[in-house]
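Listing of input_33.cif, mmCIF, N, CA and C atoms
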data_upload
loop_
_atom_site.label_atom_id
_atom_site.label_comp_id
_atom_site.auth_asym_id
_atom_site.auth_seq_id
_atom_site.Cartn_x
_atom_site.Cartn_y
_atom_site.Cartn_z
N MET A 9 -6.63 -64.99 -13.79
CA MET A 9 -7.28 -63.92 -14.50
C MET A 9 -6.24 -62.81 -14.70
N GLU A 10 -6.19 -62.23 -15.88
CA GLU A 10 -5.25 -61.16 -16.17
C GLU A 10 -5.57 -59.94 -15.31
N LEU A 11 -4.53 -59.16 -15.01
CA LEU A 11 -4.72 -57.97 -14.18
C LEU A 11 -5.73 -57.01 -14.78
N ARG A 12 -5.74 -56.86 -16.10
CA ARG A 12 -6.68 -55.93 -16.73
C ARG A 12 -8.12 -56.38 -16.50
N HIS A 13 -8.38 -57.68 -16.59
CA HIS A 13 -9.74 -58.17 -16.36
C HIS A 13 -10.12 -58.01 -14.90
N TYR A 14 -9.20 -58.27 -14.00
CA TYR A 14 -9.47 -58.11 -12.58
C TYR A 14 -9.80 -56.66 -12.27
N GLY A 15 -9.10 -55.73 -12.92
CA GLY A 15 -9.38 -54.31 -12.71
C GLY A 15 -10.80 -53.95 -13.10
N TRP A 16 -11.28 -54.51 -14.20
CA TRP A 16 -12.65 -54.26 -14.65
C TRP A 16 -13.64 -54.78 -13.62
N VAL A 17 -13.40 -55.99 -13.12
CA VAL A 17 -14.29 -56.58 -12.12
C VAL A 17 -14.27 -55.73 -10.85
N ALA A 18 -13.09 -55.29 -10.43
CA ALA A 18 -12.98 -54.49 -9.21
C ALA A 18 -13.68 -53.14 -9.37
N LEU A 19 -13.55 -52.53 -10.55
CA LEU A 19 -14.22 -51.25 -10.78
C LEU A 19 -15.72 -51.41 -10.70
N CYS A 20 -16.24 -52.44 -11.32
CA CYS A 20 -17.69 -52.69 -11.27
C CYS A 20 -18.13 -52.93 -9.83
N ALA A 21 -17.34 -53.69 -9.07
CA ALA A 21 -17.68 -53.95 -7.68
C ALA A 21 -17.65 -52.66 -6.87
N ALA A 22 -16.64 -51.82 -7.10
CA ALA A 22 -16.54 -50.56 -6.36
C ALA A 22 -17.72 -49.66 -6.67
N LEU A 23 -18.12 -49.61 -7.92
CA LEU A 23 -19.28 -48.80 -8.28
C LEU A 23 -20.54 -49.33 -7.64
N GLY A 24 -20.67 -50.65 -7.58
CA GLY A 24 -21.83 -51.25 -6.93
C GLY A 24 -21.86 -50.94 -5.45
N LEU A 25 -20.68 -51.01 -4.79
CA LEU A 25 -20.61 -50.71 -3.36
C LEU A 25 -20.91 -49.25 -3.07
N ALA A 26 -20.45 -48.39 -3.95
CA ALA A 26 -20.62 -46.96 -3.72
C ALA A 26 -22.00 -46.47 -4.10
N GLY A 27 -22.79 -47.33 -4.75
CA GLY A 27 -24.11 -46.90 -5.17
C GLY A 27 -24.04 -45.80 -6.20
N CYS A 28 -23.10 -45.93 -7.11
CA CYS A 28 -22.85 -44.85 -8.08
C CYS A 28 -23.70 -44.98 -9.32
N GLY A 29 -24.75 -45.70 -9.29
CA GLY A 29 -25.61 -45.75 -10.47
C GLY A 29 -26.09 -47.15 -10.72
N ASN A 30 -26.95 -47.26 -11.72
CA ASN A 30 -27.47 -48.56 -12.06
C ASN A 30 -26.84 -49.06 -13.34
N GLU A 31 -27.26 -50.23 -13.81
CA GLU A 31 -26.68 -50.81 -15.01
C GLU A 31 -26.82 -49.91 -16.23
N ALA A 32 -27.95 -49.27 -16.38
CA ALA A 32 -28.16 -48.40 -17.54
C ALA A 32 -27.17 -47.25 -17.53
N GLN A 33 -26.92 -46.67 -16.36
CA GLN A 33 -25.94 -45.59 -16.28
C GLN A 33 -24.55 -46.10 -16.60
N ALA A 34 -24.19 -47.29 -16.11
CA ALA A 34 -22.86 -47.85 -16.35
C ALA A 34 -22.64 -48.08 -17.84
N GLN A 35 -23.68 -48.52 -18.54
CA GLN A 35 -23.53 -48.76 -19.98
C GLN A 35 -23.36 -47.46 -20.75
N ASP A 36 -23.90 -46.37 -20.23
CA ASP A 36 -23.79 -45.08 -20.91
C ASP A 36 -22.53 -44.31 -20.53
N ASP A 37 -21.78 -44.78 -19.55
CA ASP A 37 -20.59 -44.07 -19.07
C ASP A 37 -19.38 -44.50 -19.88
N PRO A 38 -18.85 -43.63 -20.76
CA PRO A 38 -17.72 -44.02 -21.61
C PRO A 38 -16.46 -44.33 -20.82
N SER A 39 -16.30 -43.78 -19.60
CA SER A 39 -15.09 -44.05 -18.84
C SER A 39 -15.01 -45.51 -18.42
N LEU A 40 -16.16 -46.18 -18.27
CA LEU A 40 -16.13 -47.58 -17.87
C LEU A 40 -15.62 -48.47 -19.00
N GLU A 41 -15.78 -48.03 -20.23
CA GLU A 41 -15.28 -48.81 -21.35
C GLU A 41 -13.76 -48.85 -21.37
N ASP A 42 -13.12 -47.88 -20.73
CA ASP A 42 -11.68 -47.78 -20.72
C ASP A 42 -11.08 -48.29 -19.41
N ALA A 43 -11.83 -49.07 -18.63
CA ALA A 43 -11.33 -49.54 -17.34
C ALA A 43 -10.03 -50.31 -17.52
N VAL A 44 -9.12 -50.08 -16.59
CA VAL A 44 -7.81 -50.70 -16.65
C VAL A 44 -7.50 -51.39 -15.33
N ALA A 45 -6.39 -52.09 -15.32
CA ALA A 45 -6.04 -52.93 -14.17
C ALA A 45 -5.90 -52.14 -12.87
N TYR A 46 -5.47 -50.90 -12.92
CA TYR A 46 -5.29 -50.13 -11.68
C TYR A 46 -6.60 -49.66 -11.08
N ALA A 47 -7.69 -49.72 -11.84
CA ALA A 47 -8.98 -49.23 -11.36
C ALA A 47 -9.48 -50.10 -10.21
N GLY A 48 -9.95 -49.45 -9.17
CA GLY A 48 -10.52 -50.17 -8.03
C GLY A 48 -10.35 -49.39 -6.75
N ARG A 49 -10.59 -50.07 -5.63
CA ARG A 49 -10.45 -49.47 -4.31
C ARG A 49 -9.16 -50.00 -3.70
N TRP A 50 -8.36 -49.10 -3.12
CA TRP A 50 -7.04 -49.43 -2.61
C TRP A 50 -6.83 -48.81 -1.23
N ALA A 51 -6.08 -49.51 -0.37
CA ALA A 51 -5.75 -48.98 0.95
C ALA A 51 -4.41 -49.55 1.40
N PRO A 52 -3.69 -48.84 2.27
CA PRO A 52 -2.42 -49.36 2.76
C PRO A 52 -2.60 -50.57 3.67
N ASP A 53 -3.79 -50.73 4.22
CA ASP A 53 -4.09 -51.85 5.10
C ASP A 53 -5.54 -52.28 4.82
N PRO A 54 -5.80 -53.58 4.66
CA PRO A 54 -7.18 -54.03 4.38
C PRO A 54 -8.20 -53.56 5.42
N ALA A 55 -7.76 -53.31 6.65
CA ALA A 55 -8.68 -52.84 7.68
C ALA A 55 -9.28 -51.47 7.34
N LEU A 56 -8.62 -50.73 6.46
CA LEU A 56 -9.11 -49.41 6.06
C LEU A 56 -10.13 -49.48 4.94
N CYS A 57 -10.45 -50.69 4.50
CA CYS A 57 -11.42 -50.90 3.42
C CYS A 57 -12.81 -51.13 3.99
N GLY A 58 -13.20 -50.36 4.99
CA GLY A 58 -14.49 -50.53 5.64
C GLY A 58 -15.64 -50.49 4.67
N ARG A 59 -16.75 -51.04 5.09
CA ARG A 59 -17.93 -51.12 4.23
C ARG A 59 -18.90 -49.97 4.45
N ASP A 60 -18.70 -49.17 5.49
CA ASP A 60 -19.60 -48.02 5.68
C ASP A 60 -18.78 -46.74 5.65
N ASP A 61 -19.45 -45.63 5.53
CA ASP A 61 -18.77 -44.34 5.36
C ASP A 61 -17.84 -43.99 6.51
N GLU A 62 -18.18 -44.39 7.73
CA GLU A 62 -17.36 -44.02 8.87
C GLU A 62 -16.03 -44.77 8.89
N GLU A 63 -16.01 -46.02 8.46
CA GLU A 63 -14.80 -46.82 8.51
C GLU A 63 -14.01 -46.80 7.21
N ASP A 64 -14.65 -46.51 6.12
CA ASP A 64 -14.01 -46.62 4.81
C ASP A 64 -13.02 -45.48 4.59
N ARG A 65 -11.73 -45.82 4.58
CA ARG A 65 -10.70 -44.83 4.32
C ARG A 65 -9.86 -45.24 3.11
N ALA A 66 -10.44 -46.08 2.26
CA ALA A 66 -9.75 -46.51 1.05
C ALA A 66 -9.85 -45.42 0.00
N MET A 67 -8.91 -45.46 -0.95
CA MET A 67 -8.99 -44.54 -2.08
C MET A 67 -9.56 -45.31 -3.26
N THR A 68 -10.28 -44.60 -4.11
CA THR A 68 -10.85 -45.19 -5.30
C THR A 68 -10.15 -44.59 -6.50
N ILE A 69 -9.60 -45.46 -7.34
CA ILE A 69 -8.91 -45.02 -8.54
C ILE A 69 -9.68 -45.56 -9.73
N GLY A 70 -10.10 -44.66 -10.60
CA GLY A 70 -10.80 -45.04 -11.82
C GLY A 70 -9.93 -44.71 -13.02
N PRO A 71 -10.44 -44.97 -14.21
CA PRO A 71 -9.66 -44.71 -15.41
C PRO A 71 -9.20 -43.25 -15.53
N SER A 72 -10.00 -42.31 -14.99
CA SER A 72 -9.62 -40.91 -15.10
C SER A 72 -9.91 -40.11 -13.83
N ARG A 73 -10.05 -40.81 -12.68
CA ARG A 73 -10.33 -40.14 -11.39
C ARG A 73 -9.50 -40.78 -10.29
N PHE A 74 -9.14 -39.96 -9.33
CA PHE A 74 -8.41 -40.38 -8.14
C PHE A 74 -9.15 -39.79 -6.96
N GLU A 75 -9.77 -40.63 -6.12
CA GLU A 75 -10.60 -40.15 -5.02
C GLU A 75 -10.05 -40.69 -3.71
N GLY A 76 -9.73 -39.79 -2.79
CA GLY A 76 -9.31 -40.17 -1.46
C GLY A 76 -10.27 -39.62 -0.43
N THR A 77 -9.93 -39.79 0.85
CA THR A 77 -10.83 -39.29 1.89
C THR A 77 -10.92 -37.78 1.90
N GLU A 78 -9.84 -37.09 1.47
CA GLU A 78 -9.85 -35.64 1.51
C GLU A 78 -9.52 -35.00 0.16
N VAL A 79 -9.49 -35.80 -0.91
CA VAL A 79 -9.10 -35.27 -2.20
C VAL A 79 -9.92 -35.93 -3.31
N SER A 80 -10.22 -35.14 -4.33
CA SER A 80 -10.91 -35.66 -5.51
C SER A 80 -10.23 -35.02 -6.72
N CYS A 81 -9.63 -35.86 -7.56
CA CYS A 81 -8.80 -35.35 -8.65
C CYS A 81 -9.22 -35.93 -10.00
N GLU A 82 -9.11 -35.11 -11.02
CA GLU A 82 -9.15 -35.61 -12.39
C GLU A 82 -7.77 -36.18 -12.67
N MET A 83 -7.69 -37.18 -13.54
CA MET A 83 -6.42 -37.86 -13.75
C MET A 83 -6.24 -38.16 -15.23
N GLU A 84 -5.10 -37.78 -15.78
CA GLU A 84 -4.76 -38.10 -17.16
C GLU A 84 -3.61 -39.11 -17.10
N VAL A 85 -3.84 -40.30 -17.66
CA VAL A 85 -2.92 -41.42 -17.48
C VAL A 85 -2.26 -41.81 -18.80
N THR A 86 -0.97 -42.16 -18.71
CA THR A 86 -0.26 -42.76 -19.83
C THR A 86 0.36 -44.06 -19.36
N GLU A 87 0.32 -45.05 -20.22
CA GLU A 87 0.90 -46.35 -19.88
C GLU A 87 2.40 -46.29 -20.13
N GLU A 88 3.17 -46.67 -19.11
CA GLU A 88 4.63 -46.61 -19.20
C GLU A 88 5.25 -47.97 -19.50
N GLY A 89 4.53 -49.03 -19.27
CA GLY A 89 5.03 -50.38 -19.49
C GLY A 89 4.00 -51.37 -19.01
N SER A 90 4.41 -52.62 -18.90
CA SER A 90 3.51 -53.66 -18.44
C SER A 90 3.14 -53.41 -16.98
N ASN A 91 1.88 -53.11 -16.75
CA ASN A 91 1.34 -52.84 -15.41
C ASN A 91 2.00 -51.66 -14.71
N VAL A 92 2.44 -50.66 -15.48
CA VAL A 92 3.00 -49.43 -14.93
C VAL A 92 2.39 -48.25 -15.68
N TRP A 93 1.84 -47.29 -14.92
CA TRP A 93 1.21 -46.12 -15.50
C TRP A 93 1.73 -44.87 -14.80
N GLU A 94 1.80 -43.78 -15.55
CA GLU A 94 2.11 -42.49 -14.96
C GLU A 94 0.90 -41.60 -15.17
N ALA A 95 0.57 -40.82 -14.15
CA ALA A 95 -0.63 -40.00 -14.23
C ALA A 95 -0.36 -38.57 -13.76
N GLN A 96 -1.02 -37.64 -14.40
CA GLN A 96 -1.02 -36.24 -14.00
C GLN A 96 -2.34 -36.00 -13.28
N LEU A 97 -2.27 -35.60 -12.02
CA LEU A 97 -3.47 -35.33 -11.24
C LEU A 97 -3.78 -33.84 -11.26
N ASP A 98 -5.04 -33.51 -11.40
CA ASP A 98 -5.52 -32.14 -11.29
C ASP A 98 -6.52 -32.14 -10.15
N CYS A 99 -6.08 -31.65 -9.00
CA CYS A 99 -6.87 -31.72 -7.77
C CYS A 99 -7.25 -30.32 -7.32
N PRO A 100 -8.38 -29.80 -7.78
CA PRO A 100 -8.77 -28.46 -7.36
C PRO A 100 -9.08 -28.43 -5.86
N GLY A 101 -8.53 -27.45 -5.19
CA GLY A 101 -8.79 -27.27 -3.77
C GLY A 101 -9.77 -26.14 -3.56
N ASP A 102 -9.98 -25.78 -2.31
CA ASP A 102 -10.89 -24.69 -2.02
C ASP A 102 -10.37 -23.36 -2.56
N ASP A 103 -9.09 -23.10 -2.37
CA ASP A 103 -8.53 -21.81 -2.77
C ASP A 103 -7.54 -21.91 -3.92
N ILE A 104 -6.81 -23.03 -4.01
CA ILE A 104 -5.80 -23.16 -5.06
C ILE A 104 -5.89 -24.55 -5.69
N ALA A 105 -5.37 -24.66 -6.90
CA ALA A 105 -5.34 -25.95 -7.59
C ALA A 105 -4.05 -26.67 -7.22
N ASN A 106 -4.11 -27.98 -7.10
CA ASN A 106 -2.96 -28.78 -6.76
C ASN A 106 -2.75 -29.79 -7.89
N ASP A 107 -1.68 -29.62 -8.62
CA ASP A 107 -1.33 -30.56 -9.69
C ASP A 107 -0.17 -31.41 -9.21
N GLU A 108 -0.24 -32.70 -9.52
CA GLU A 108 0.78 -33.62 -9.04
C GLU A 108 0.91 -34.78 -10.01
N ARG A 109 2.10 -35.38 -10.06
CA ARG A 109 2.32 -36.55 -10.89
C ARG A 109 2.53 -37.77 -10.00
N ILE A 110 1.94 -38.90 -10.43
CA ILE A 110 2.12 -40.16 -9.71
C ILE A 110 2.47 -41.27 -10.69
N ARG A 111 3.06 -42.33 -10.17
CA ARG A 111 3.28 -43.55 -10.94
C ARG A 111 2.58 -44.69 -10.18
N MET A 112 1.87 -45.52 -10.92
CA MET A 112 1.17 -46.67 -10.34
C MET A 112 1.78 -47.94 -10.93
N SER A 113 2.28 -48.82 -10.07
CA SER A 113 2.88 -50.08 -10.51
C SER A 113 2.16 -51.22 -9.82
N LEU A 114 1.64 -52.16 -10.61
CA LEU A 114 0.90 -53.31 -10.06
C LEU A 114 1.76 -54.56 -10.08
N GLU A 115 1.56 -55.38 -9.06
CA GLU A 115 2.17 -56.70 -9.03
C GLU A 115 1.28 -57.63 -8.21
N GLU A 116 1.43 -58.91 -8.46
CA GLU A 116 0.69 -59.89 -7.67
C GLU A 116 1.37 -60.04 -6.33
N GLY A 117 0.62 -59.95 -5.25
CA GLY A 117 1.16 -60.14 -3.91
C GLY A 117 1.08 -61.60 -3.51
N ASP A 118 1.48 -61.89 -2.28
CA ASP A 118 1.39 -63.27 -1.78
C ASP A 118 -0.08 -63.62 -1.57
N GLU A 119 -0.45 -63.95 -0.34
CA GLU A 119 -1.85 -64.27 -0.07
C GLU A 119 -2.70 -63.02 0.02
N ASP A 120 -2.08 -61.85 0.00
CA ASP A 120 -2.82 -60.60 0.13
C ASP A 120 -3.46 -60.14 -1.18
N GLY A 121 -3.18 -60.79 -2.29
CA GLY A 121 -3.75 -60.38 -3.57
C GLY A 121 -2.87 -59.36 -4.26
N GLU A 122 -3.50 -58.48 -5.05
CA GLU A 122 -2.75 -57.49 -5.80
C GLU A 122 -2.20 -56.38 -4.91
N VAL A 123 -1.01 -55.93 -5.29
CA VAL A 123 -0.35 -54.85 -4.57
C VAL A 123 -0.01 -53.75 -5.58
N MET A 124 -0.24 -52.51 -5.18
CA MET A 124 0.13 -51.37 -6.02
C MET A 124 1.16 -50.54 -5.27
N THR A 125 2.23 -50.18 -5.97
CA THR A 125 3.16 -49.19 -5.44
C THR A 125 2.80 -47.87 -6.09
N LEU A 126 2.41 -46.92 -5.26
CA LEU A 126 2.03 -45.59 -5.70
C LEU A 126 3.20 -44.67 -5.38
N THR A 127 3.80 -44.10 -6.42
CA THR A 127 4.97 -43.23 -6.24
C THR A 127 4.56 -41.80 -6.55
N TYR A 128 4.76 -40.91 -5.57
CA TYR A 128 4.48 -39.49 -5.76
C TYR A 128 5.73 -38.84 -6.35
N LEU A 129 5.72 -38.62 -7.66
CA LEU A 129 6.91 -38.17 -8.38
C LEU A 129 7.33 -36.75 -8.00
N ASP A 130 6.41 -35.92 -7.57
CA ASP A 130 6.73 -34.55 -7.18
C ASP A 130 7.00 -34.41 -5.69
N ARG A 131 7.08 -35.52 -5.00
CA ARG A 131 7.39 -35.52 -3.56
C ARG A 131 8.63 -36.39 -3.31
N GLU A 132 9.65 -36.15 -4.09
CA GLU A 132 10.92 -36.87 -3.97
C GLU A 132 10.73 -38.38 -4.08
N ASP A 133 9.85 -38.80 -4.99
CA ASP A 133 9.56 -40.20 -5.26
C ASP A 133 9.10 -40.98 -4.01
N HIS A 134 8.34 -40.29 -3.16
CA HIS A 134 7.78 -40.95 -1.97
C HIS A 134 6.88 -42.10 -2.42
N GLU A 135 7.06 -43.29 -1.84
CA GLU A 135 6.29 -44.47 -2.23
C GLU A 135 5.34 -44.90 -1.13
N VAL A 136 4.17 -45.35 -1.56
CA VAL A 136 3.16 -45.91 -0.66
C VAL A 136 2.75 -47.25 -1.25
N THR A 137 2.73 -48.28 -0.43
CA THR A 137 2.28 -49.59 -0.87
C THR A 137 0.81 -49.75 -0.50
N LEU A 138 0.00 -50.10 -1.51
CA LEU A 138 -1.44 -50.25 -1.32
C LEU A 138 -1.87 -51.66 -1.69
N MET A 139 -2.89 -52.16 -1.01
CA MET A 139 -3.49 -53.44 -1.34
C MET A 139 -4.88 -53.20 -1.87
N ARG A 140 -5.27 -54.04 -2.84
CA ARG A 140 -6.62 -53.91 -3.40
C ARG A 140 -7.62 -54.32 -2.34
N CYS A 141 -8.64 -53.50 -2.15
CA CYS A 141 -9.70 -53.83 -1.20
C CYS A 141 -10.52 -55.00 -1.75
N PRO A 142 -10.94 -55.88 -0.86
CA PRO A 142 -11.76 -57.01 -1.33
C PRO A 142 -13.10 -56.53 -1.87
N GLY A 143 -13.57 -57.27 -2.86
CA GLY A 143 -14.86 -56.97 -3.44
C GLY A 143 -15.96 -57.56 -2.60
N PRO A 144 -17.20 -57.40 -3.02
CA PRO A 144 -18.33 -57.94 -2.26
C PRO A 144 -18.23 -59.45 -2.15
N GLY A 145 -18.49 -59.95 -0.96
CA GLY A 145 -18.49 -61.40 -0.74
C GLY A 145 -17.11 -62.00 -0.53
N GLU A 146 -16.06 -61.17 -0.55
CA GLU A 146 -14.72 -61.71 -0.34
C GLU A 146 -14.31 -61.60 1.09
#

If you took the structure in this file and wrote it as structure tokens, what would it be?
Amino acid sequence: MELRHYGWVALCAALGLAGCGNEAQAQDDPSLEDAVAYAGRWAPDPALCGRDDEEDRAMTIGPSRFEGTEVSCEMEVTEEGSNVWEAQLDCPGDDIANDERIRMSLEEGDEDGEVMTLTYLDREDHEVTLMRCPGPGE
């Protein structure tokens, strides 16, 4: 399955797990029409992809959102190449706004599935390797 199609499936699964709406809402949400391969739930270790709120420390990346355990950002993305995207994050905080640029690069991993290298461009190109969280029933 192509990475773009897998991203769509993962996004739908993540929305289903998060209880973010029903089918009618999903059909009316224009952001879902633009789902891309990077969309889904990601963590540095699969053990952080817990199924309940207490254990789940995965980040959720959507077509225009970046959600972590302590951050929620709007995201404007440009495609840089095959399975490589650069994004401008707008992460409003309690007192100040935090803007940051990231690069997301996808590749097929070994038995672990898809792997994303997340590069924080404004933090001296600090890299974090993330694995896609398994979907329901996996």

Pick the closest to Glu135 (chain A) from A:Thr68, A:Asn106, A:Thr86, A:Ser113: which is it, counting only C-alpha atoms? A:Ser113

Counting only N, CA and C atoms, the residue among A:Ala95, A:Ala51, A:Cys81, A:Val136 that lies closest to Met112 (chain A) is A:Ala95

Choose the residue, out of A:Arg111, A:Ala66, A:Glu88, A:Arg140, that has the smallest atom-to-atom separation from Leu126 (chain A); count all atoms listed in the file.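 The shortest atom-to-atom distance to Leu126 (chain A) comes from A:Arg111.
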
So how far away is atom N of Thr125 (chain A) from CA of Val44 (chain A), in Å?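 So the answer is 14.7 Å.
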
What box, with edges along x, y and z, holds each listed atom of region 66-69 of chain A when 3 Å is added on every side, and can you state its centre and edge lengths in Å to one decimal, as AutoDock Vina command-line options?
--center_x -9.9 --center_y -45.5 --center_z -3.7 --size_x 7.9 --size_y 8.0 --size_z 18.0

Rank A:His134, A:Arg65, A:Arg73, A:Arg109 by their smallest atom-to-atom distance to Asp53 (chain A), using only C-alpha atoms, and report the top residue only. A:Arg65

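Here atom N of Pro54 (chain A) stands at a distance of 23.7 Å from atom N of Glu94 (chain A).
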
Mind pulling up the distance from CA of Arg131 (chain A) to CA of Asp98 (chain A)?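 About the pair CA of Asp98 (chain A) and CA of Arg131 (chain A): they are 15.4 Å apart.
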
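Taking only C-alpha atoms into account, Gly121 (chain A) lies nearest to A:Trp50 out of the set A:Gly58, A:Trp93, A:Met67, A:Trp50.
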
The residues within 6 Å of (-7.8, -40.1, -12.0), using all atoms listed in the file and the coordinates of the file, should be reported as a list of chain:residue names; which are they?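 Every residue inside that radius is included here: A:Gly70, A:Pro71, A:Ser72, A:Arg73, A:Phe74, A:Cys81, A:Glu82, A:Met83, A:Glu84.
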
Name the residues that the PyMOL selection byres (((chain A and resi 114 and name CA) around 9) and name CA) picks from the file above, as number ranges by chain, using the file's chain letters and numbers. A: 11, 45-46, 90-92, 112-113, 115-116, 122-126
